[in-house]
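Raw start-v8.txt, compact mmCIF, C-alpha atoms:
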# COMPACT_ATOMS: atom_id res chain seq x y z
CA MET A 1088 8.49 -29.00 -34.24
CA THR A 1089 10.95 -31.47 -35.67
CA SER A 1090 13.85 -29.06 -35.45
CA GLY A 1091 12.81 -28.16 -31.93
CA ARG A 1092 12.73 -31.82 -30.93
CA ARG A 1093 16.05 -32.38 -32.66
CA ARG A 1094 17.64 -29.52 -30.76
CA THR A 1095 16.26 -30.92 -27.52
CA ALA A 1096 17.58 -34.38 -28.32
CA VAL A 1097 20.98 -32.99 -29.26
CA ASP A 1098 21.13 -30.95 -26.05
CA ALA A 1099 20.14 -33.97 -23.96
CA GLY A 1100 22.75 -36.10 -25.64
CA ARG A 1101 25.39 -33.47 -25.10
CA LEU A 1102 24.39 -33.23 -21.46
CA ARG A 1103 24.72 -36.99 -21.03
CA THR A 1104 28.12 -36.88 -22.68
CA VAL A 1105 29.34 -34.07 -20.44
CA LEU A 1106 27.97 -35.72 -17.29
CA GLY A 1107 29.69 -38.94 -18.20
CA HIS A 1108 33.09 -37.29 -18.44
CA PRO A 1109 35.18 -38.19 -15.33
CA LYS A 1110 37.09 -34.89 -15.30
CA LEU A 1111 33.84 -33.01 -14.68
CA TRP A 1112 33.36 -34.83 -11.39
CA ILE A 1113 36.86 -35.19 -9.98
CA VAL A 1114 37.62 -31.69 -8.65
CA PRO A 1115 34.11 -30.79 -7.36
CA GLY A 1116 33.70 -34.26 -5.89
CA LEU A 1117 37.00 -34.23 -4.05
CA LEU A 1118 36.60 -30.67 -2.78
CA THR A 1119 33.03 -31.10 -1.53
CA ALA A 1120 33.90 -34.39 0.17
CA LEU A 1121 36.99 -32.91 1.79
CA VAL A 1122 35.19 -29.79 2.99
CA SER A 1123 32.31 -31.84 4.44
CA LEU A 1124 34.64 -34.23 6.25
CA VAL A 1125 37.01 -31.61 7.63
CA LEU A 1126 34.23 -29.27 8.78
CA SER A 1127 32.50 -32.14 10.59
CA LEU A 1128 35.70 -33.19 12.34
CA LEU A 1129 36.61 -29.62 13.30
CA TYR A 1130 33.27 -28.51 14.69
CA MET A 1131 32.15 -31.66 16.45
CA GLY A 1132 35.63 -32.58 17.63
CA GLY A 1133 35.83 -29.49 19.80
CA ILE A 1134 32.55 -29.81 21.71
CA LEU A 1135 31.72 -33.47 22.32
CA GLU A 1136 33.78 -34.09 25.49
CA PRO A 1137 34.47 -30.78 27.25
CA GLU A 1138 34.47 -32.26 30.76
CA ASP A 1139 36.86 -35.03 29.76
CA ARG A 1140 39.21 -32.55 28.06
CA LEU A 1141 39.82 -30.23 31.02
CA HIS A 1142 43.32 -28.82 31.09
CA ARG A 1143 44.30 -26.48 33.94
CA PHE A 1144 40.85 -24.89 34.15
CA PRO A 1145 41.38 -21.80 36.37
CA VAL A 1146 39.14 -21.50 39.45
CA ALA A 1147 39.99 -19.30 42.45
CA LEU A 1148 40.05 -20.39 46.08
CA VAL A 1149 39.91 -17.75 48.79
CA ASN A 1150 40.28 -18.59 52.48
CA GLU A 1151 39.27 -15.72 54.77
CA ASP A 1152 38.66 -17.93 57.82
CA THR A 1153 40.24 -16.42 60.94
CA GLY A 1154 38.63 -18.66 63.55
CA ARG A 1155 40.67 -20.69 66.02
CA PRO A 1156 40.91 -24.45 65.33
CA LEU A 1157 38.32 -26.87 66.68
CA PRO A 1158 39.38 -28.94 69.75
CA GLY A 1159 42.05 -31.44 68.81
CA ALA A 1160 42.78 -29.81 65.42
CA GLU A 1161 45.95 -28.01 64.39
CA GLN A 1162 44.30 -25.88 61.68
CA ASN A 1163 41.03 -24.09 61.42
CA LEU A 1164 38.51 -25.47 58.97
CA GLY A 1165 39.26 -22.88 56.29
CA ALA A 1166 42.91 -23.90 56.09
CA ARG A 1167 41.98 -27.56 56.17
CA ILE A 1168 39.39 -27.26 53.40
CA SER A 1169 41.82 -25.25 51.26
CA ALA A 1170 44.50 -27.91 51.58
CA GLN A 1171 42.02 -30.69 50.80
CA VAL A 1172 40.56 -28.92 47.74
CA VAL A 1173 43.96 -28.14 46.22
CA GLY A 1174 45.36 -31.57 47.10
CA ALA A 1175 42.41 -33.46 45.62
CA ALA A 1176 42.48 -31.61 42.29
CA SER A 1177 44.43 -33.01 39.39
CA SER A 1178 47.03 -30.55 38.12
CA ASP A 1179 46.07 -31.52 34.58
CA GLU A 1180 42.39 -30.68 35.03
CA VAL A 1181 41.44 -27.93 37.48
CA ARG A 1182 43.94 -25.26 38.42
CA TRP A 1183 42.91 -23.90 41.81
CA ARG A 1184 44.43 -20.47 42.39
CA ARG A 1185 44.77 -19.57 46.08
CA LEU A 1186 44.12 -15.83 46.25
CA ASP A 1187 43.36 -13.17 48.80
CA PRO A 1188 40.14 -11.11 48.43
CA ALA A 1189 41.85 -8.25 46.57
CA GLU A 1190 43.52 -10.63 44.14
CA LEU A 1191 40.22 -12.40 43.58
CA LYS A 1192 38.44 -9.17 42.70
CA ASP A 1193 41.21 -8.26 40.27
CA GLN A 1194 41.27 -11.65 38.54
CA LEU A 1195 37.50 -11.79 38.21
CA ALA A 1196 37.54 -8.28 36.74
CA SER A 1197 40.23 -9.22 34.21
CA GLY A 1198 38.82 -12.58 33.18
CA LYS A 1199 41.70 -14.58 34.62
CA VAL A 1200 39.41 -17.05 36.46
CA TYR A 1201 36.03 -18.53 35.58
CA GLY A 1202 34.75 -18.58 39.14
CA ALA A 1203 35.73 -18.95 42.79
CA LEU A 1204 35.08 -20.73 46.07
CA VAL A 1205 35.22 -18.37 49.07
CA ILE A 1206 35.53 -19.50 52.71
CA PRO A 1207 34.28 -16.64 54.95
CA GLU A 1208 36.17 -15.36 57.97
CA ASP A 1209 33.71 -16.72 60.55
CA PHE A 1210 33.42 -20.19 59.02
CA THR A 1211 35.12 -22.20 61.78
CA ASP A 1212 33.29 -20.21 64.50
CA ASP A 1213 29.94 -20.94 62.83
CA VAL A 1214 30.75 -24.66 62.74
CA ARG A 1215 31.75 -24.56 66.42
CA SER A 1216 28.45 -22.95 67.34
CA LEU A 1217 26.33 -25.67 65.67
CA GLY A 1218 23.95 -27.22 68.16
CA GLY A 1219 23.75 -24.07 70.24
CA ARG A 1220 20.76 -21.80 70.52
CA ASP A 1221 20.41 -19.34 67.58
CA ALA A 1222 23.42 -20.91 65.87
CA ALA A 1223 24.14 -19.65 62.35
CA ARG A 1224 24.56 -22.28 59.69
CA PRO A 1225 28.10 -22.13 58.24
CA THR A 1226 28.23 -20.91 54.65
CA LEU A 1227 30.58 -21.32 51.69
CA THR A 1228 30.20 -18.93 48.77
CA VAL A 1229 30.59 -19.83 45.10
CA LEU A 1230 31.24 -16.86 42.80
CA THR A 1231 30.59 -16.94 39.06
CA ASN A 1232 32.14 -14.87 36.27
CA PRO A 1233 29.49 -14.62 33.49
CA GLY A 1234 31.75 -12.44 31.35
CA MET A 1235 33.75 -15.57 30.58
CA GLY A 1236 30.75 -17.16 28.87
CA SER A 1237 27.78 -19.07 30.20
CA PHE A 1238 29.38 -22.51 29.80
CA GLY A 1239 32.69 -21.59 31.39
CA SER A 1240 31.08 -19.75 34.27
CA SER A 1241 28.56 -22.51 35.01
CA PHE A 1242 31.26 -25.15 34.72
CA ALA A 1243 33.43 -23.33 37.26
CA SER A 1244 30.38 -22.97 39.51
CA ARG A 1245 29.76 -26.71 39.37
CA ILE A 1246 33.41 -27.49 40.21
CA ALA A 1247 33.35 -25.10 43.18
CA GLN A 1248 30.01 -26.47 44.41
CA GLN A 1249 31.28 -30.04 44.26
CA ALA A 1250 34.31 -29.04 46.33
CA ALA A 1251 32.07 -27.25 48.83
CA ARG A 1252 29.71 -30.22 49.16
CA LYS A 1253 32.61 -32.58 49.72
CA ALA A 1254 33.95 -30.26 52.41
CA SER A 1255 30.52 -30.12 54.05
CA THR A 1256 30.28 -33.91 54.15
CA GLY A 1257 33.74 -34.14 55.68
CA ILE A 1258 32.87 -31.61 58.38
CA GLY A 1259 29.66 -33.52 59.12
CA GLU A 1260 31.60 -36.73 59.64
CA GLN A 1261 34.04 -34.92 61.93
CA ILE A 1262 31.52 -33.26 64.22
CA GLY A 1263 28.74 -35.86 63.99
CA GLY A 1264 30.42 -38.15 66.50
CA SER A 1265 31.20 -35.37 68.98
CA PRO A 1266 29.80 -35.83 72.50
CA ALA A 1267 28.22 -32.37 72.16
CA PHE A 1268 25.72 -33.83 69.73
CA ALA A 1269 25.05 -37.13 71.47
CA ASP A 1270 21.49 -36.10 72.28
CA ALA A 1271 20.74 -34.50 68.90
CA SER A 1272 17.35 -35.18 67.37
CA ALA A 1273 16.88 -36.96 64.03
CA ALA A 1274 16.34 -33.63 62.28
CA GLU A 1275 19.49 -32.18 63.84
CA ARG A 1276 21.53 -35.24 62.84
CA LEU A 1277 20.25 -34.88 59.27
CA LEU A 1278 21.51 -31.30 59.28
CA LEU A 1279 24.83 -32.35 60.83
CA ALA A 1280 25.40 -34.83 58.00
CA ASP A 1281 25.59 -31.89 55.58
CA PRO A 1282 25.98 -28.82 57.80
CA VAL A 1283 27.32 -26.27 55.31
CA GLU A 1284 25.09 -24.10 53.13
CA VAL A 1285 26.50 -23.34 49.68
CA VAL A 1286 25.48 -19.95 48.28
CA THR A 1287 26.07 -18.98 44.64
CA GLU A 1288 26.59 -15.32 43.75
CA THR A 1289 27.83 -13.32 40.77
CA GLY A 1290 31.45 -12.41 41.30
CA HIS A 1291 31.76 -9.95 38.40
CA PRO A 1292 28.35 -8.89 37.05
CA ILE A 1293 27.73 -7.95 33.43
CA GLY A 1294 24.77 -6.20 31.81
CA GLY A 1295 21.39 -7.82 31.38
CA HIS A 1296 21.56 -7.39 27.60
CA SER A 1297 24.77 -9.37 27.19
CA GLY A 1298 23.39 -12.75 26.15
CA LEU A 1299 24.63 -14.43 29.36
CA GLY A 1300 28.18 -13.61 28.34
CA LEU A 1301 27.78 -14.64 24.69
CA SER A 1302 27.27 -11.20 23.15
CA ALA A 1303 31.05 -10.78 22.77
CA PHE A 1304 31.25 -13.97 20.70
CA TYR A 1305 28.32 -13.16 18.42
CA TYR A 1306 29.44 -9.56 17.97
CA THR A 1307 32.92 -10.79 17.01
CA LEU A 1308 31.39 -13.32 14.64
CA LEU A 1309 29.52 -10.47 12.93
CA LEU A 1310 32.77 -8.55 12.48
CA VAL A 1311 34.53 -11.61 11.03
CA LEU A 1312 31.63 -12.37 8.69
CA ALA A 1313 31.48 -8.75 7.59
CA GLY A 1314 35.19 -8.79 6.76
CA PHE A 1315 35.03 -12.22 5.13
CA LEU A 1316 31.88 -11.72 3.06
CA GLY A 1317 32.67 -8.08 2.32
CA GLY A 1318 36.16 -9.01 1.16
CA ASN A 1319 34.83 -11.66 -1.20
CA ILE A 1320 32.12 -9.35 -2.52
CA ILE A 1321 34.75 -6.70 -3.25
CA HIS A 1322 37.02 -9.32 -4.84
CA ASN A 1323 34.32 -10.56 -7.20
CA GLY A 1324 32.97 -7.08 -7.90
CA VAL A 1325 36.35 -5.66 -8.86
CA ASP A 1326 37.13 -8.64 -11.12
CA THR A 1327 33.78 -8.13 -12.84
CA ALA A 1328 34.28 -4.38 -13.23
CA LEU A 1329 37.77 -4.90 -14.68
CA GLY A 1330 36.53 -7.46 -17.17
CA TYR A 1331 38.22 -10.52 -15.65
CA ALA A 1332 34.95 -12.20 -14.62
CA ASP A 1333 31.45 -12.40 -16.01
CA ALA A 1334 28.54 -10.55 -14.43
CA GLU A 1335 25.58 -12.90 -14.23
CA ILE A 1336 22.38 -12.04 -12.34
CA GLY A 1337 19.50 -14.35 -13.11
CA PRO A 1338 19.01 -14.43 -16.91
CA TRP A 1339 21.21 -11.37 -17.45
CA HIS A 1340 24.81 -11.92 -18.45
CA THR A 1341 27.40 -9.30 -19.33
CA ARG A 1342 31.12 -9.18 -19.91
CA ARG A 1343 32.88 -5.85 -19.65
CA PRO A 1344 35.97 -4.96 -21.69
CA THR A 1345 39.13 -6.02 -19.91
CA ILE A 1346 41.11 -3.20 -18.33
CA PRO A 1347 44.84 -3.98 -18.48
CA VAL A 1348 45.99 -3.94 -14.84
CA ASN A 1349 48.47 -6.36 -13.31
CA ARG A 1350 47.92 -8.49 -10.22
CA THR A 1351 49.67 -6.09 -7.83
CA GLU A 1352 47.58 -3.14 -8.99
CA THR A 1353 44.42 -5.24 -8.68
CA LEU A 1354 45.27 -6.24 -5.09
CA LEU A 1355 46.04 -2.62 -4.22
CA LEU A 1356 42.68 -1.55 -5.63
CA LYS A 1357 40.82 -4.25 -3.68
CA SER A 1358 42.69 -3.41 -0.47
CA VAL A 1359 41.85 0.29 -0.71
CA MET A 1360 38.20 -0.51 -1.35
CA THR A 1361 38.20 -2.91 1.62
CA ALA A 1362 39.64 -0.20 3.89
CA VAL A 1363 36.93 2.24 2.79
CA LEU A 1364 33.95 -0.13 2.83
CA CYS A 1365 34.83 -1.61 6.24
CA LEU A 1366 33.81 1.76 7.70
CA PRO A 1367 30.09 1.54 6.80
CA MET A 1368 30.04 -2.21 7.48
CA THR A 1369 31.37 -1.70 11.00
CA ALA A 1370 29.07 1.25 11.62
CA LEU A 1371 26.02 -0.75 10.55
CA VAL A 1372 26.98 -3.70 12.75
CA MET A 1373 27.23 -1.37 15.75
CA LEU A 1374 24.01 0.40 14.80
CA ALA A 1375 22.09 -2.88 14.60
CA CYS A 1376 23.58 -4.45 17.75
CA ILE A 1377 23.79 -1.48 20.11
CA THR A 1378 21.23 1.07 18.92
CA VAL A 1379 18.49 -1.14 17.48
CA LEU A 1380 18.81 -4.29 19.60
CA GLY A 1381 20.14 -2.67 22.78
CA MET A 1382 23.24 -4.76 23.37
CA ASP A 1383 25.07 -3.65 26.52
CA ALA A 1384 28.27 -1.91 25.47
CA SER A 1385 30.69 0.52 27.04
CA HIS A 1386 33.76 2.35 25.74
CA ILE A 1387 31.91 2.97 22.47
CA PRO A 1388 34.70 4.92 20.68
CA LEU A 1389 37.24 2.22 21.55
CA LEU A 1390 34.81 -0.49 20.53
CA ALA A 1391 34.24 1.27 17.20
CA LEU A 1392 37.97 1.54 16.51
CA PHE A 1393 38.64 -2.07 17.48
CA SER A 1394 35.67 -3.26 15.42
CA TYR A 1395 36.87 -1.41 12.32
CA CYS A 1396 40.41 -2.74 12.67
CA SER A 1397 39.08 -6.27 13.17
CA CYS A 1398 36.88 -6.12 10.09
CA LEU A 1399 39.70 -4.57 8.06
CA SER A 1400 42.25 -7.17 9.12
CA VAL A 1401 39.94 -10.00 8.08
CA GLY A 1402 39.06 -8.25 4.81
CA LEU A 1403 42.70 -7.69 3.89
CA GLY A 1404 43.47 -11.29 4.74
CA VAL A 1405 40.72 -12.42 2.37
CA GLN A 1406 42.10 -10.25 -0.43
CA ALA A 1407 45.63 -11.58 0.10
CA ILE A 1408 44.49 -15.22 0.10
CA ASN A 1409 42.32 -14.74 -2.98
CA ALA A 1410 45.20 -13.03 -4.80
CA ALA A 1411 47.56 -15.87 -3.92
CA PHE A 1412 45.30 -18.89 -4.48
CA GLY A 1413 42.96 -17.70 -7.21
CA SER A 1414 39.66 -19.53 -7.64
CA ILE A 1415 40.11 -21.69 -4.53
CA GLY A 1416 41.06 -18.67 -2.43
CA GLN A 1417 37.54 -18.30 -1.08
CA ILE A 1418 37.65 -21.87 0.26
CA VAL A 1419 41.07 -21.29 1.81
CA SER A 1420 39.98 -18.04 3.47
CA MET A 1421 36.81 -19.75 4.70
CA PHE A 1422 38.94 -22.29 6.54
CA VAL A 1423 41.33 -19.65 7.90
CA PHE A 1424 38.70 -17.19 9.16
CA ILE A 1425 35.67 -19.41 9.82
CA ALA A 1426 36.20 -23.18 9.90
CA LEU A 1427 39.39 -23.23 11.99
CA ALA A 1428 38.58 -20.04 13.86
CA LEU A 1429 35.19 -20.83 15.37
CA PRO A 1430 36.07 -23.98 17.37
CA SER A 1431 39.35 -22.44 18.55
CA SER A 1432 37.88 -19.09 19.62
CA GLY A 1433 37.28 -20.18 23.23
CA ALA A 1434 34.11 -18.10 23.27
CA THR A 1435 31.48 -20.83 23.72
CA ILE A 1436 33.55 -23.77 25.01
CA PRO A 1437 36.58 -22.61 27.06
CA LEU A 1438 39.95 -23.45 25.56
CA GLU A 1439 40.76 -25.32 28.77
CA ALA A 1440 37.95 -27.78 27.85
CA VAL A 1441 38.86 -28.55 24.21
CA PRO A 1442 41.53 -30.85 22.70
CA GLY A 1443 45.08 -29.58 22.51
CA PHE A 1444 44.86 -29.09 18.74
CA TYR A 1445 42.36 -26.26 19.24
CA ARG A 1446 44.49 -24.67 21.94
CA PHE A 1447 47.34 -24.67 19.45
CA LEU A 1448 45.16 -23.01 16.82
CA ALA A 1449 44.07 -20.38 19.35
CA VAL A 1450 47.61 -19.05 19.54
CA PHE A 1451 47.30 -17.48 16.08
CA GLU A 1452 43.75 -17.98 14.76
CA PRO A 1453 42.19 -14.51 14.32
CA MET A 1454 38.82 -15.08 15.96
CA ARG A 1455 40.41 -16.03 19.29
CA GLN A 1456 42.30 -12.74 19.36
CA LEU A 1457 39.24 -10.72 18.34
CA VAL A 1458 36.95 -12.39 20.89
CA SER A 1459 39.44 -11.61 23.64
CA GLY A 1460 39.55 -7.96 22.64
CA VAL A 1461 35.78 -7.53 22.32
CA ARG A 1462 35.18 -9.40 25.58
CA ALA A 1463 37.64 -7.15 27.39
CA ILE A 1464 35.93 -4.02 26.07
CA LEU A 1465 32.37 -5.20 26.73
CA TYR A 1466 32.77 -6.97 30.08
CA PHE A 1467 36.11 -6.11 31.68
CA ASP A 1468 36.38 -2.33 31.47
CA ALA A 1469 38.71 -2.47 28.43
CA ARG A 1470 41.60 -3.72 30.54
CA ALA A 1471 44.74 -4.61 28.62
CA ASP A 1472 45.44 -7.62 30.85
CA ALA A 1473 41.95 -8.98 30.14
CA GLY A 1474 43.02 -9.78 26.58
CA LEU A 1475 42.77 -6.40 24.89
CA GLY A 1476 46.54 -5.79 24.82
CA ARG A 1477 47.27 -9.10 23.12
CA ALA A 1478 44.34 -8.55 20.75
CA TRP A 1479 45.81 -5.24 19.51
CA ILE A 1480 49.21 -6.85 19.00
CA MET A 1481 47.78 -9.78 17.06
CA LEU A 1482 45.63 -7.43 14.98
CA ALA A 1483 48.76 -5.54 13.96
CA VAL A 1484 50.54 -8.82 13.17
CA GLY A 1485 47.60 -10.03 11.07
CA PHE A 1486 47.38 -6.73 9.23
CA ALA A 1487 51.09 -6.82 8.37
CA LEU A 1488 51.05 -10.49 7.36
CA ALA A 1489 48.10 -9.94 5.03
CA LEU A 1490 49.80 -7.07 3.24
CA VAL A 1491 53.23 -8.69 3.04
CA PHE A 1492 51.93 -12.09 1.92
CA GLY A 1493 49.48 -10.67 -0.60
CA PHE A 1494 51.86 -8.24 -2.30
CA LEU A 1495 54.79 -10.66 -2.28
CA MET A 1496 52.68 -13.22 -4.13
CA THR A 1497 51.27 -10.78 -6.67
CA ARG A 1498 54.71 -9.29 -7.37
CA TYR A 1499 56.05 -12.79 -7.90
CA TYR A 1500 53.25 -13.62 -10.34
CA ASP A 1501 53.74 -10.35 -12.22
CA ARG A 1502 57.48 -10.87 -12.56
CA LYS A 1503 56.87 -14.37 -13.88
CA GLY A 1504 54.57 -12.94 -16.52
CA LEU A 1505 51.51 -14.73 -15.14
CA HIS A 1506 49.09 -12.06 -16.26
CA ARG A 1507 45.32 -12.23 -15.94
CA MET A 1508 44.61 -10.77 -19.38
CA VAL A 1509 41.57 -12.33 -21.04
CA PRO A 1510 41.56 -12.34 -24.88
CA GLN A 1511 38.78 -10.23 -26.33
CA PRO A 1512 36.92 -11.12 -29.54
CA GLY A 1513 37.85 -8.94 -32.51

I need this file expressed as structure tokens, please.
Amino acid sequence: MTSGRRRTAVDAGRLRTVLGHPKLWIVPGLLTALVSLVLSLLYMGGILEPEDRLHRFPVALVNEDTGRPLPGAEQNLGARISAQVVGAASSDEVRWRRLDPAELKDQLASGKVYGALVIPEDFTDDVRSLGGRDAARPTLTVLTNPGMGSFGSSFASRIAQQAARKASTGIGEQIGGSPAFADASAAERLLLADPVEVVTETGHPIGGHSGLGLSAFYYTLLLVLAGFLGGNIIHNGVDTALGYADAEIGPWHTRRPTIPVNRTETLLLKSVMTAVLCLPMTALVMLACITVLGMDASHIPLLALFSYCSCLSVGLGVQAINAAFGSIGQIVSMFVFIALALPSSGATIPLEAVPGFYRFLAVFEPMRQLVSGVRAILYFDARADAGLGRAWIMLAVGFALALVFGFLMTRYYDRKGLHRMVPQPG
């Protein structure tokens, strides 16, 4: 009992000594504090003020009105409303695109606009007929684009509705004082104060199992996580199998004999394994999302190829970063592929509604490119101009950068004699 108590006392004293050593705390303390601070700033900084951060948010404006102008007016109401809407908008906030019906259909189908305000061809004639028997109430149509995400589509809808309501109020003020309505009843005058009906419709419909336009984001996130986590699992597993890291599962601890391979050979081995194992990872993601859960998806072969290449590009990037940065490589790759990528993806909050720093990141951050490609395949008929063409280009760039960076760094370390050999007990 005495020896047992003595061993306990010695262990406790040693623990107190170790805990009191400043060097034990410095690196973990600084890293955890830095990660917590930076993650908080990154994630919350991109979502707190989307309406105040608008920058050239694209909404379409289509004027089909062919009616003759009202008495005393030089333009029909469609032309007048169009000029007022475009003139009232700040060029730094909403970017109204004046399109014809064919252009509108094309831009909705390619994800170029988040929504639209449409002035029908009989709009001025319907306003002129107000007060007459069997008069039709004039209508303005707001079109949404749910494939651009629920927030972006609803935001565009609200902008278009506000413009339509303002136009309705202006028309009411114009015609309310007309002699034709001098004898109007109280109910009729109430209608004349806001004479235009605003109807909201879906401009480019997507499937019912698309998460209101968020399935592309979550599917992409699964691909990125598969590549990121899979890459790190392969990295740690290979180091353990080669004897450069301990294998510890619960109370079991083993250390395999070290196999003498240099850093370049190790990276090549990890890269080959990543290329092979990304196949089942991608297949299982598609199986779970499409087959089991019923996610709406078209162009399945193309989606499968793009998914595999996305997962592989992320996985190779993880291997390159881990090879270059060593033990902190997993933190670095977490920032590259997760922390910086999520708020700059433009999948939940449109890039036009986030600070400029995130728009800058979106130029090269991988998740933005992958979301654009998946969204084009799932919602926009795999059109290249919907983001798929750029996504393929950026995938190729990322693939090449990962290989070049990783192997340049490992070759440099090998030539410097910075080997990973671990001395073995005799």

*Have a look at CA of Gly1474 (chain A) and CA of Gly1402 (chain A) and let me know their distance in Å, one decimal.*
22.2 Å

*Please, what distance in Å, to one decimal, runs between CA of Gly1476 (chain A) and CA of Ser1431 (chain A)?*
19.2 Å

*Between CA of Val1200 (chain A) and CA of Leu1301 (chain A), what is the spacing in Å?*
16.7 Å

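Of the listed residues A:Ile1346, A:Cys1398, A:Val1173, A:Ala1160, the one whose atoms come nearest to Thr1211 (chain A) is A:Ala1160, with distances taken using all atoms listed in the file.
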
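Counting all atoms listed in the file and comparing A:Ala1410, A:Leu1164, A:Val1484, A:Val1441, the residue that lies closest to Thr1497 (chain A) is A:Ala1410.
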
*region 1243-1254 of chain A: which residues within 6 Å, counting only C-alpha atoms, same-chain residues fewer than 5 positions away excluded, as a PyMOL selection string?*
chain A and resi 1201-1202+1204

_Shortest interatomic distance to Pro1233 (chain A) - which of A:Ala1487, A:Leu1299, A:Met1368, A:Val1125, counting only C-alpha atoms_ = A:Leu1299

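Minimum distance to Asn1409 (chain A) across A:Ala1489, A:Ile1425, A:Ala1440, A:Leu1389 (counting only C-alpha atoms) occurs at A:Ala1489.
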
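All residues of protein, DNA or RNA that reach within 7 Å of Asn1150 (chain A), judged by only C-alpha atoms and not counting those fewer than 3 positions away in the chain, are Gly1165, Ala1166, Ser1169, Val1205, Ile1206 and Pro1207 of chain A.
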
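Distances here use all atoms listed in the file; by that measure, the residue among A:Arg1498, A:Arg1470, A:His1386, A:Arg1215 closest to Ala1411 (chain A) is A:Arg1498.
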
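Minimum atom-to-atom distance to Asp1213 (chain A), evaluated using all atoms listed in the file, belongs to A:Arg1155 out of A:Lys1199, A:Arg1155, A:Arg1477, A:Arg1185.
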
_Within 9 Å of file point (37.9, -30.4, 30.7), counting all atoms listed in the file, expressed as a PyMOL selection string_ = chain A and resi 1136-1144+1180-1181+1437-1442
